[in-house]
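Next up, my_file.csv (CSV, C-alpha atoms):
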chain,number,residue,atom,x,y,z
A,590,MET,CA,78.8,169.6,91.0
A,591,LEU,CA,81.8,167.4,90.6
A,592,ILE,CA,84.0,170.2,92.0
A,593,PHE,CA,81.8,170.2,95.1
A,594,LEU,CA,82.0,166.4,95.5
A,595,ALA,CA,85.8,166.5,94.9
A,596,GLY,CA,86.3,169.1,97.6
A,597,VAL,CA,84.4,167.1,100.2
A,598,GLY,CA,86.0,163.8,99.2
A,599,ILE,CA,89.6,165.0,99.2
A,600,ASP,CA,89.2,166.4,102.8
A,601,PHE,CA,88.6,162.8,104.0
A,602,LEU,CA,92.1,161.8,102.7
A,603,ASP,CA,95.4,162.3,104.6
A,604,ALA,CA,96.4,165.9,104.1
A,605,ARG,CA,100.1,165.3,104.1
A,606,LYS,CA,100.0,162.2,101.9
A,607,TYR,CA,97.7,163.8,99.3
A,608,ARG,CA,99.1,167.4,99.5
A,609,ARG,CA,99.6,167.6,95.7
A,610,LEU,CA,96.0,166.4,95.0
A,611,ARG,CA,94.7,169.2,97.4
A,612,LEU,CA,96.9,171.8,95.5
A,613,LEU,CA,95.6,170.5,92.2
A,614,TYR,CA,92.0,170.8,93.4
A,615,ILE,CA,92.5,174.4,94.6
A,616,PHE,CA,94.2,175.3,91.3
A,617,CYS,CA,91.2,173.9,89.4
A,618,LEU,CA,88.8,175.8,91.7
A,619,TYR,CA,90.6,179.1,90.9
A,620,ILE,CA,90.4,178.3,87.1
A,621,PHE,CA,86.8,177.2,87.2
A,622,LEU,CA,85.3,179.9,89.5
A,623,CYS,CA,87.5,182.9,88.7
A,624,PHE,CA,87.7,182.8,85.0
A,625,GLY,CA,84.2,182.3,83.7
A,626,TYR,CA,83.6,184.0,80.4
A,627,MET,CA,80.0,184.3,79.1
A,628,THR,CA,78.7,183.1,82.4
A,629,GLY,CA,77.5,185.5,85.1
A,630,SER,CA,75.7,188.8,84.8
A,631,ASP,CA,77.4,191.9,86.2
A,632,TRP,CA,80.3,191.8,83.8
A,633,ARG,CA,77.9,193.2,81.2
A,634,SER,CA,77.9,196.5,83.1
A,635,TYR,CA,81.5,196.5,84.2
A,636,GLU,CA,83.3,195.7,81.0
A,637,PRO,CA,82.2,198.9,79.1
A,638,LEU,CA,83.0,200.8,82.2
A,639,TYR,CA,86.5,199.3,82.3
A,640,GLU,CA,87.1,199.9,78.6
A,641,SER,CA,86.0,203.6,78.9
A,642,ASN,CA,87.9,204.0,82.2
A,643,ASP,CA,85.2,206.3,83.5
A,644,TYR,CA,84.2,205.9,87.1
A,645,TYR,CA,82.8,209.3,87.9
A,646,GLN,CA,79.6,207.9,89.3
A,647,TYR,CA,81.4,206.1,92.2
A,648,THR,CA,82.1,209.3,94.2
A,649,THR,CA,80.8,207.7,97.4
A,650,GLU,CA,82.8,204.5,96.8
A,651,PRO,CA,86.1,205.9,95.5
A,652,ALA,CA,88.3,202.9,96.2
A,653,PHE,CA,86.6,201.0,93.4
A,654,GLY,CA,87.2,203.8,90.9
A,655,TYR,CA,90.8,204.2,91.9
A,656,LEU,CA,91.5,200.5,91.8
A,657,MET,CA,90.0,200.0,88.4
A,658,THR,CA,91.7,203.1,87.0
A,659,GLY,CA,95.0,201.8,88.2
A,660,LEU,CA,94.3,198.3,86.9
A,661,HIS,CA,93.4,199.7,83.5
A,662,PHE,CA,96.7,201.5,83.3
A,663,ILE,CA,98.6,198.2,83.9
A,664,ILE,CA,96.2,195.6,82.4
A,665,LYS,CA,94.3,196.4,79.2
A,666,ASP,CA,92.4,193.1,79.1
A,667,PHE,CA,89.3,193.4,81.2
A,668,TRP,CA,88.9,189.6,81.5
A,669,LEU,CA,92.5,189.2,82.9
A,670,ALA,CA,91.9,192.0,85.4
A,671,LEU,CA,88.5,190.6,86.4
A,672,GLY,CA,89.9,187.1,86.9
A,673,LEU,CA,92.8,188.3,89.1
A,674,LEU,CA,90.3,190.3,91.3
A,675,LYS,CA,88.2,187.2,91.7
A,676,CYS,CA,91.3,185.2,92.6
A,677,PHE,CA,92.1,187.8,95.3
A,678,TYR,CA,88.6,187.3,96.8
A,679,LEU,CA,88.8,183.5,96.7
A,680,TRP,CA,92.3,183.7,98.3
A,681,THR,CA,90.9,185.7,101.3
A,682,VAL,CA,88.1,183.1,101.7
A,683,ILE,CA,90.6,180.2,101.8
A,684,ARG,CA,92.8,182.1,104.2
A,685,LEU,CA,89.9,182.8,106.5
A,686,LEU,CA,88.7,179.2,106.4
A,687,LYS,CA,92.1,177.9,107.3
A,688,GLU,CA,92.0,180.1,110.4
A,689,LEU,CA,88.7,178.6,111.5
A,690,THR,CA,88.8,174.9,110.8
A,691,PRO,CA,91.2,172.0,109.8
A,692,LYS,CA,88.4,170.8,107.6
A,693,TRP,CA,88.6,173.9,105.5
A,694,MET,CA,88.3,172.1,102.2
A,695,THR,CA,84.9,170.7,103.0
A,696,ALA,CA,83.8,174.1,104.3
A,697,LEU,CA,85.1,175.6,101.0
A,698,ALA,CA,83.2,173.0,99.0
A,699,VAL,CA,80.0,173.9,101.0
A,700,MET,CA,80.6,177.5,100.2
A,701,ILE,CA,80.4,176.9,96.5
A,702,PRO,CA,76.6,176.6,96.3
A,703,ILE,CA,76.0,178.9,99.3
A,704,THR,CA,78.0,182.0,98.3
A,705,LEU,CA,80.9,181.3,95.9
A,706,MET,CA,78.8,180.7,92.8
A,707,PHE,CA,77.1,184.0,93.4
A,708,MET,CA,80.2,186.0,94.3
A,709,LEU,CA,82.5,184.6,91.6
A,710,ILE,CA,80.1,183.7,88.7
A,711,ASN,CA,77.2,186.1,89.1
A,712,ASN,CA,80.0,188.4,90.5
A,713,PRO,CA,78.8,191.6,92.1
A,714,LEU,CA,82.2,193.1,91.6
A,715,ARG,CA,82.2,196.0,94.0
A,716,PHE,CA,80.6,194.0,96.8
A,717,MET,CA,83.0,191.1,96.2
A,718,LEU,CA,86.0,193.4,96.6
A,719,ALA,CA,84.5,195.0,99.8
A,720,ALA,CA,83.8,191.5,101.2
A,721,ALA,CA,87.4,190.5,100.5
A,722,PHE,CA,88.7,193.3,102.8
A,723,ILE,CA,86.1,192.3,105.4
A,724,ASN,CA,87.6,188.8,105.3
A,725,LEU,CA,91.1,190.2,105.8
A,726,ALA,CA,89.7,192.3,108.8
A,727,ILE,CA,88.3,189.2,110.4
A,728,ILE,CA,91.6,187.4,110.0
A,729,ALA,CA,93.4,190.4,111.6
A,730,VAL,CA,91.0,190.3,114.6
A,731,TYR,CA,91.8,186.7,115.2
A,732,HIS,CA,95.5,187.6,115.1
A,733,ARG,CA,94.8,190.5,117.5
A,734,LYS,CA,96.0,193.0,114.9
A,735,PHE,CA,93.3,195.5,115.6
A,736,LEU,CA,94.7,198.5,113.7
A,737,PRO,CA,94.9,196.5,110.4
A,738,ALA,CA,91.4,195.3,111.1
A,739,ILE,CA,90.1,198.8,111.3
A,740,VAL,CA,92.0,199.8,108.1
A,741,PHE,CA,90.6,196.9,106.2
A,742,SER,CA,87.1,197.7,107.4
A,743,VAL,CA,87.4,201.3,106.2
A,744,ILE,CA,88.7,200.2,102.8
A,745,SER,CA,85.8,197.8,102.4
A,746,VAL,CA,83.3,200.6,103.0
A,747,LEU,CA,85.1,202.6,100.3
A,748,PHE,CA,84.4,199.8,97.9
A,749,HIS,CA,80.8,199.3,98.8
A,750,ASN,CA,78.8,201.3,101.4
A,751,ILE,CA,76.7,198.3,102.5
A,752,THR,CA,79.7,196.7,104.2
A,753,ILE,CA,79.5,199.3,106.9
A,754,VAL,CA,77.0,196.8,108.4
A,755,CYS,CA,79.3,193.9,107.7
A,756,ALA,CA,82.2,195.7,109.5
A,757,LEU,CA,80.1,195.6,112.7
A,758,TYR,CA,80.4,191.8,112.8
A,759,LEU,CA,84.0,192.3,113.9
A,760,LEU,CA,82.6,193.3,117.3
A,761,LEU,CA,80.8,190.0,117.6
A,762,LEU,CA,83.6,187.5,116.8
A,763,LYS,CA,84.3,186.8,120.4
A,764,LYS,CA,80.7,187.2,121.7
A,765,ASP,CA,78.8,184.1,123.0
A,766,LEU,CA,75.4,185.3,121.8
A,767,PHE,CA,73.3,182.1,121.6
A,768,SER,CA,75.1,179.0,122.9
A,769,LYS,CA,73.5,179.2,126.3
A,770,PHE,CA,70.0,179.5,124.9
A,771,LYS,CA,67.7,176.5,125.0
A,772,SER,CA,67.3,174.7,121.7
A,773,TRP,CA,63.5,175.2,121.6
A,774,THR,CA,64.0,178.9,122.2
A,775,LEU,CA,66.4,179.2,119.2
A,776,VAL,CA,63.9,177.3,117.0
A,777,ILE,CA,61.0,179.5,118.0
A,778,ILE,CA,63.0,182.7,117.3
A,779,TYR,CA,63.8,181.3,113.8
A,780,LEU,CA,60.2,180.5,113.1
A,781,VAL,CA,59.0,183.9,114.3
A,782,LEU,CA,61.6,185.6,112.1
A,783,ILE,CA,60.5,183.6,109.0
A,784,PHE,CA,56.8,184.4,109.5
A,785,GLY,CA,57.4,187.9,110.8
A,786,SER,CA,59.6,189.0,107.9
A,787,THR,CA,57.2,187.5,105.3
A,788,LEU,CA,54.1,189.1,106.9
A,789,LEU,CA,55.9,192.5,107.1
A,790,ASN,CA,56.9,192.2,103.4
A,791,ALA,CA,53.4,191.2,102.4
A,792,PHE,CA,51.9,194.1,104.4
A,793,ILE,CA,54.3,196.7,102.9
A,794,THR,CA,53.9,195.4,99.4
A,795,SER,CA,50.1,195.4,99.7
A,796,ARG,CA,50.2,199.1,100.7
A,797,LEU,CA,52.9,200.3,98.3
A,798,GLY,CA,53.2,197.7,95.6
A,799,SER,CA,56.3,195.7,94.6
A,800,LEU,CA,58.1,198.5,92.7
A,801,SER,CA,57.3,201.0,95.4
A,802,LEU,CA,58.8,198.8,98.0
A,803,LEU,CA,61.9,198.3,95.9
A,804,ALA,CA,62.2,202.0,95.4
A,805,LEU,CA,61.7,202.5,99.2
A,806,LEU,CA,64.7,200.2,99.7
A,807,GLY,CA,66.8,202.0,97.3
A,808,VAL,CA,66.9,199.2,94.7
A,809,LYS,CA,67.2,200.2,91.1
A,810,ASP,CA,67.8,196.9,89.3
A,811,TYR,CA,64.2,195.6,89.3
A,812,PHE,CA,64.8,193.0,86.6
A,813,ASP,CA,66.7,190.6,88.8
A,814,TYR,CA,64.2,190.4,91.7
A,815,ASP,CA,60.8,188.8,91.8
A,816,MET,CA,58.8,190.0,94.7
A,817,SER,CA,56.5,187.0,94.6
A,818,LEU,CA,59.5,184.8,95.6
A,819,ALA,CA,59.7,186.7,98.9
A,820,ASN,CA,56.1,186.4,99.9
A,821,SER,CA,56.0,182.7,100.5
A,822,SER,CA,56.8,181.3,104.0
A,823,PHE,CA,56.5,177.8,102.7
A,824,SER,CA,58.8,177.8,99.7
A,825,ILE,CA,60.9,174.7,99.3
A,826,GLY,CA,64.0,176.8,99.9
A,827,THR,CA,62.6,178.0,103.2
A,828,ILE,CA,61.7,174.5,104.4
A,829,LEU,CA,65.2,173.1,103.5
A,830,ASN,CA,66.9,176.0,105.3
A,831,LEU,CA,64.7,175.2,108.3
A,832,ILE,CA,65.9,171.6,108.2
A,833,LEU,CA,69.5,172.7,108.0
A,834,PHE,CA,68.9,175.0,111.0
A,835,LEU,CA,67.4,172.1,113.0
A,836,ILE,CA,70.4,169.9,112.2
A,837,ILE,CA,72.7,172.6,113.5
A,838,ILE,CA,70.6,173.0,116.7
A,839,TYR,CA,70.4,169.2,117.2
A,840,GLY,CA,74.2,168.8,116.9
A,841,ARG,CA,75.1,172.0,118.8
A,842,ASP,CA,76.6,170.2,121.9
A,843,SER,CA,78.9,168.1,119.8
A,844,PHE,CA,80.0,171.0,117.7
A,845,ILE,CA,80.7,173.3,120.7
A,846,LYS,CA,82.7,170.6,122.5
A,847,LYS,CA,84.8,169.4,119.6
A,848,ILE,CA,85.5,172.7,117.8
A,849,PRO,CA,87.9,175.3,119.3
A,850,GLN,CA,85.9,178.4,120.0
A,851,GLY,CA,82.9,176.3,119.1
A,852,ASN,CA,80.5,178.5,121.2
A,853,PHE,CA,81.5,181.6,119.3
A,854,PHE,CA,81.3,179.9,115.9
A,855,PHE,CA,77.9,178.4,116.9
A,856,SER,CA,76.6,181.9,117.9
A,857,LEU,CA,77.8,183.4,114.6
A,858,THR,CA,76.2,180.6,112.7
A,859,VAL,CA,72.8,181.2,114.4
A,860,LEU,CA,73.2,184.9,113.8
A,861,TYR,CA,73.7,184.2,110.1
A,862,CYS,CA,70.5,182.1,110.0
A,863,TYR,CA,68.5,184.8,111.8
A,864,LEU,CA,69.8,187.6,109.7
A,865,PHE,CA,69.2,185.6,106.5
A,866,CYS,CA,65.5,185.1,107.6
A,867,ILE,CA,65.1,188.9,108.1
A,868,LEU,CA,66.9,190.0,105.0
A,869,HIS,CA,65.9,187.4,102.5
A,870,PHE,CA,62.9,189.4,101.2
A,871,VAL,CA,65.0,192.5,100.7
A,872,PRO,CA,66.5,192.7,97.2
A,873,THR,CA,70.3,192.1,97.5
A,874,GLY,CA,69.8,192.3,101.3
A,875,PHE,CA,71.2,188.8,101.7
A,876,ARG,CA,74.6,190.2,100.7
A,877,MET,CA,74.9,191.7,104.2
A,878,VAL,CA,75.2,188.2,105.7
A,879,ILE,CA,77.7,186.8,103.3
A,880,PRO,CA,80.7,187.5,105.5
A,881,LEU,CA,79.0,185.4,108.2
A,882,SER,CA,78.4,182.5,105.8
A,883,VAL,CA,81.9,181.2,106.5
A,884,TYR,CA,80.8,180.2,110.0
A,885,TYR,CA,77.6,178.6,108.7
A,886,CYS,CA,79.8,176.6,106.2
A,887,VAL,CA,82.3,175.6,108.9
A,888,CYS,CA,79.4,174.3,111.0
A,889,LEU,CA,77.9,172.3,108.1
A,890,ALA,CA,81.4,170.9,107.2
A,891,PHE,CA,81.7,169.7,110.8
A,892,PHE,CA,78.4,167.7,110.5
A,893,ILE,CA,79.5,166.2,107.2
A,894,HIS,CA,82.6,164.8,108.9
A,895,ASP,CA,81.0,164.0,112.3
A,896,LYS,CA,78.2,161.6,111.3
A,897,LYS,CA,77.6,159.5,108.3
A,898,VAL,CA,73.8,160.2,108.2
A,899,TRP,CA,74.4,163.9,108.0
A,900,ARG,CA,77.1,163.4,105.5
A,901,TRP,CA,74.8,161.7,103.0
A,902,PHE,CA,71.9,164.1,103.6
A,903,LEU,CA,73.9,167.3,103.3
A,904,THR,CA,75.8,166.1,100.3
A,905,LEU,CA,72.6,165.1,98.6
A,906,TYR,CA,71.0,168.5,99.6
A,907,PHE,CA,73.8,170.5,98.1
A,908,LEU,CA,73.9,168.5,94.9
A,909,VAL,CA,70.2,168.9,94.4
A,910,THR,CA,70.4,172.6,95.3
A,911,MET,CA,73.2,173.2,92.9
A,912,SER,CA,71.5,171.3,90.1
A,913,LYS,CA,68.3,173.3,90.5
A,914,ASN,CA,70.1,176.7,90.6
A,915,ILE,CA,72.3,175.9,87.6
A,916,TYR,CA,69.4,174.7,85.4
A,917,GLU,CA,67.0,177.5,86.4
A,918,MET,CA,69.4,180.4,85.9
A,919,TYR,CA,71.0,181.7,82.7
A,920,VAL,CA,74.2,182.7,84.5
A,921,TYR,CA,75.8,179.3,85.0
A,922,ILE,CA,75.3,177.3,81.8
A,923,PRO,CA,76.6,176.9,79.2
A,924,TYR,CA,79.9,177.3,81.0
A,925,SER,CA,82.8,179.1,79.2
A,926,ASN,CA,86.2,180.0,80.3
A,927,SER,CA,88.1,183.2,79.6
A,928,ILE,CA,91.7,181.9,79.8
A,929,PRO,CA,92.0,180.6,76.2
A,930,HIS,CA,90.7,184.0,75.0
A,931,ILE,CA,93.1,185.9,77.3
A,932,ILE,CA,96.1,183.9,76.0
A,933,MET,CA,95.1,184.1,72.3
A,934,GLN,CA,93.6,187.6,72.6
A,935,ASP,CA,90.7,186.5,70.4
A,936,HIS,CA,87.8,187.7,72.5
A,937,LYS,CA,84.4,187.4,71.0
A,938,SER,CA,82.5,190.7,70.4
A,939,TYR,CA,80.7,192.2,73.4
A,940,ASN,CA,77.3,191.8,71.8
A,941,GLU,CA,77.9,188.1,71.0
A,942,ARG,CA,79.0,187.4,74.6
A,943,PHE,CA,76.2,189.6,76.1
A,944,GLY,CA,73.4,187.5,74.6
A,945,TYR,CA,74.9,184.0,74.4
A,946,ASN,CA,73.9,182.5,77.7
A,947,ILE,CA,70.6,184.4,77.6
A,948,LYS,CA,69.7,182.8,74.2
A,949,GLU,CA,70.8,179.4,75.4
A,950,TYR,CA,68.7,179.8,78.5
A,951,LYS,CA,65.6,180.6,76.3
A,952,LYS,CA,66.3,177.5,74.2
A,953,ARG,CA,66.6,175.3,77.3
A,954,THR,CA,63.6,176.7,79.2
A,955,GLY,CA,61.5,178.6,76.8
A,956,LYS,CA,61.6,181.7,79.1
A,957,ASP,CA,62.9,185.1,78.3
A,958,VAL,CA,65.4,187.0,80.3
A,959,ASP,CA,64.7,190.7,80.6
A,960,TYR,CA,68.2,191.8,81.5
A,961,TYR,CA,67.3,195.5,81.3
Now that the file is in, can you turn its structure into structure tokens?
Amino acid sequence: MLIFLAGVGIDFLDARKYRRLRLLYIFCLYIFLCFGYMTGSDWRSYEPLYESNDYYQYTTEPAFGYLMTGLHFIIKDFWLALGLLKCFYLWTVIRLLKELTPKWMTALAVMIPITLMFMLINNPLRFMLAAAFINLAIIAVYHRKFLPAIVFSVISVLFHNITIVCALYLLLLKKDLFSKFKSWTLVIIYLVLIFGSTLLNAFITSRLGSLSLLALLGVKDYFDYDMSLANSSFSIGTILNLILFLIIIYGRDSFIKKIPQGNFFFSLTVLYCYLFCILHFVPTGFRMVIPLSVYYCVCLAFFIHDKKVWRWFLTLYFLVTMSKNIYEMYVYIPYSNSIPHIIMQDHKSYNERFGYNIKEYKKRTGKDVDYY
């Protein structure tokens, strides 16, 4: 939470005068987010795979297998390789934010609870790598380098098939989809999508059952998804997301006028909110909107700097959200860092690391984690 507050606070200081402080903050962000050790979840699957160097099952996503095989030849330490891959993704995020807004540090801080904690600590590795190349493709489009954009998009799909949907966003970067709509129209569409997606989910689940729906959607990892969470239109998270959407709609005119390409950024922000409403009940479906989250975060960063009332509300909102997520999930605390173990080469055993955060979570909450 301190790293979120520091990112927002530093962005209010003179960039040239406090350049070293900004660099120090970014360095700490890389260390903290990219080199978690017993935190997260997906490393439990990827570490044995890296050690065995066996990627035969990724025949439809060959880029991942080729990259990891090459890395294993150069770097034997899984944690060093994983940390460097995370650094690559974070670098693409920072580069993209710098293209979009001068207040990129605030936008980066806002991204921590919205996407970066998930991408870099939970760490869906294949999707993270695919999303990194989508970020590079978006940057290429803004520089009118369309051939590299196509190449990066193809590479992303070779890492994770789901990004074929994300690649389509490149066609919308210069489309003014929603800025000319009346505010009330945008809000009604949002409400319809919330209720519509929830009712559809409830209907399908009542006919097929939770696991049948998951199977229908091609989901195999049932343990990390609770269907009951998707069946409530009035969850606290849904209400808070609605409030954020109303803030964006209320301040749209100021945002569009003051931000270069504001109409395009506003449209992509609204698209992000709409797609999130549609996909939130689909297990892992929200991943498809993560490449658009940068525009959402740029928009919220603008409001943090534009008006004091929004600044305090949004800061408090993200602090509360982060606190809740950190406490209620086993993947974030206790926090441990891999760098000392990489340097000293004294890694704890796989079994000890596998269960450490899970056991601590049970001590803290009294709840079991059925990882399998």
(request) For atom CA of A:Tyr916 and atom CA of A:Glu949, quote the distance in Å rounded to one decimal. (result) 11.1 Å
(request) Using atom CA of A:Ile744 and atom CA of A:Tyr655 as the two end points, give the distance in Å to one decimal. (result)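 For atom CA of A:Ile744 relative to atom CA of A:Tyr655, the distance reads 11.8 Å.
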For the point (80.9, 201.0, 102.5) in the file's frame, write as an mmCIF file with C-alpha atoms, keeping the file's coordinate frame all residues with an atom no more than 12 Å away, counting all atoms listed in the file.
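Written output follows (point-v1.cif):
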data_model
loop_
_atom_site.group_PDB
_atom_site.id
_atom_site.type_symbol
_atom_site.label_atom_id
_atom_site.label_comp_id
_atom_site.auth_asym_id
_atom_site.auth_seq_id
_atom_site.Cartn_x
_atom_site.Cartn_y
_atom_site.Cartn_z
ATOM 1 C CA TYR A 647 81.400 206.100 92.200
ATOM 2 C CA THR A 648 82.100 209.300 94.200
ATOM 3 C CA THR A 649 80.800 207.700 97.400
ATOM 4 C CA GLU A 650 82.800 204.500 96.800
ATOM 5 C CA PRO A 651 86.100 205.900 95.500
ATOM 6 C CA ALA A 652 88.300 202.900 96.200
ATOM 7 C CA PHE A 653 86.600 201.000 93.400
ATOM 8 C CA ARG A 715 82.200 196.000 94.000
ATOM 9 C CA PHE A 716 80.600 194.000 96.800
ATOM 10 C CA MET A 717 83.000 191.100 96.200
ATOM 11 C CA LEU A 718 86.000 193.400 96.600
ATOM 12 C CA ALA A 719 84.500 195.000 99.800
ATOM 13 C CA ALA A 720 83.800 191.500 101.200
ATOM 14 C CA PHE A 722 88.700 193.300 102.800
ATOM 15 C CA ILE A 723 86.100 192.300 105.400
ATOM 16 C CA PHE A 741 90.600 196.900 106.200
ATOM 17 C CA SER A 742 87.100 197.700 107.400
ATOM 18 C CA VAL A 743 87.400 201.300 106.200
ATOM 19 C CA ILE A 744 88.700 200.200 102.800
ATOM 20 C CA SER A 745 85.800 197.800 102.400
ATOM 21 C CA VAL A 746 83.300 200.600 103.000
ATOM 22 C CA LEU A 747 85.100 202.600 100.300
ATOM 23 C CA PHE A 748 84.400 199.800 97.900
ATOM 24 C CA HIS A 749 80.800 199.300 98.800
ATOM 25 C CA ASN A 750 78.800 201.300 101.400
ATOM 26 C CA ILE A 751 76.700 198.300 102.500
ATOM 27 C CA THR A 752 79.700 196.700 104.200
ATOM 28 C CA ILE A 753 79.500 199.300 106.900
ATOM 29 C CA VAL A 754 77.000 196.800 108.400
ATOM 30 C CA CYS A 755 79.300 193.900 107.700
ATOM 31 C CA ALA A 756 82.200 195.700 109.500
ATOM 32 C CA LEU A 757 80.100 195.600 112.700
ATOM 33 C CA MET A 877 74.900 191.700 104.200
#
Residue contacts of A:Leu889 (9 Å, only C-alpha atoms) excluding same-chain residues fewer than 5 positions away, as a compact mmCIF listing (two decimals) with C-alpha atoms, in the frame of the given file:
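Written output follows (result.txt):
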# COMPACT_ATOMS: atom_id res chain seq x y z
CA THR A 695 84.90 170.70 103.00
CA ALA A 696 83.80 174.10 104.30
CA VAL A 699 80.00 173.90 101.00
CA LEU A 833 69.50 172.70 108.00
CA ILE A 836 70.40 169.90 112.20
CA ILE A 837 72.70 172.60 113.50
CA TYR A 884 80.80 180.20 110.00
CA HIS A 894 82.60 164.80 108.90
CA LEU A 903 73.90 167.30 103.30
(request) Please provide as a ChimeraX atom specification all residues within 10 Å of A:Thr704, with the sequence filter that same-chain residues fewer than 2 positions apart are discarded (counting all atoms listed in the file). (result) /A:697,699-702,706-710,876,879-880,882-883,886
(message) With distances taken over all atoms listed in the file, which residue among A:Thr681, A:Ser634, A:Asn946, A:Thr774 lies nearest A:Ile922?
(response)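 Of A:Thr681, A:Ser634, A:Asn946, A:Thr774, the one nearest A:Ile922, counting all atoms listed in the file, is A:Asn946.
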(message) Would you compute the distance between atom CA of A:Gly874 and atom CA of A:Asp631? Give it in Å to one decimal.
(response)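 According to the coordinates, atom CA of A:Gly874 and atom CA of A:Asp631 are separated by 16.9 Å.
In terms of minimum interatomic distance to A:Phe891, A:Leu689 ranks closest within A:Leu689, A:Ile828, A:Leu736, A:Ala595, counting only C-alpha atoms.
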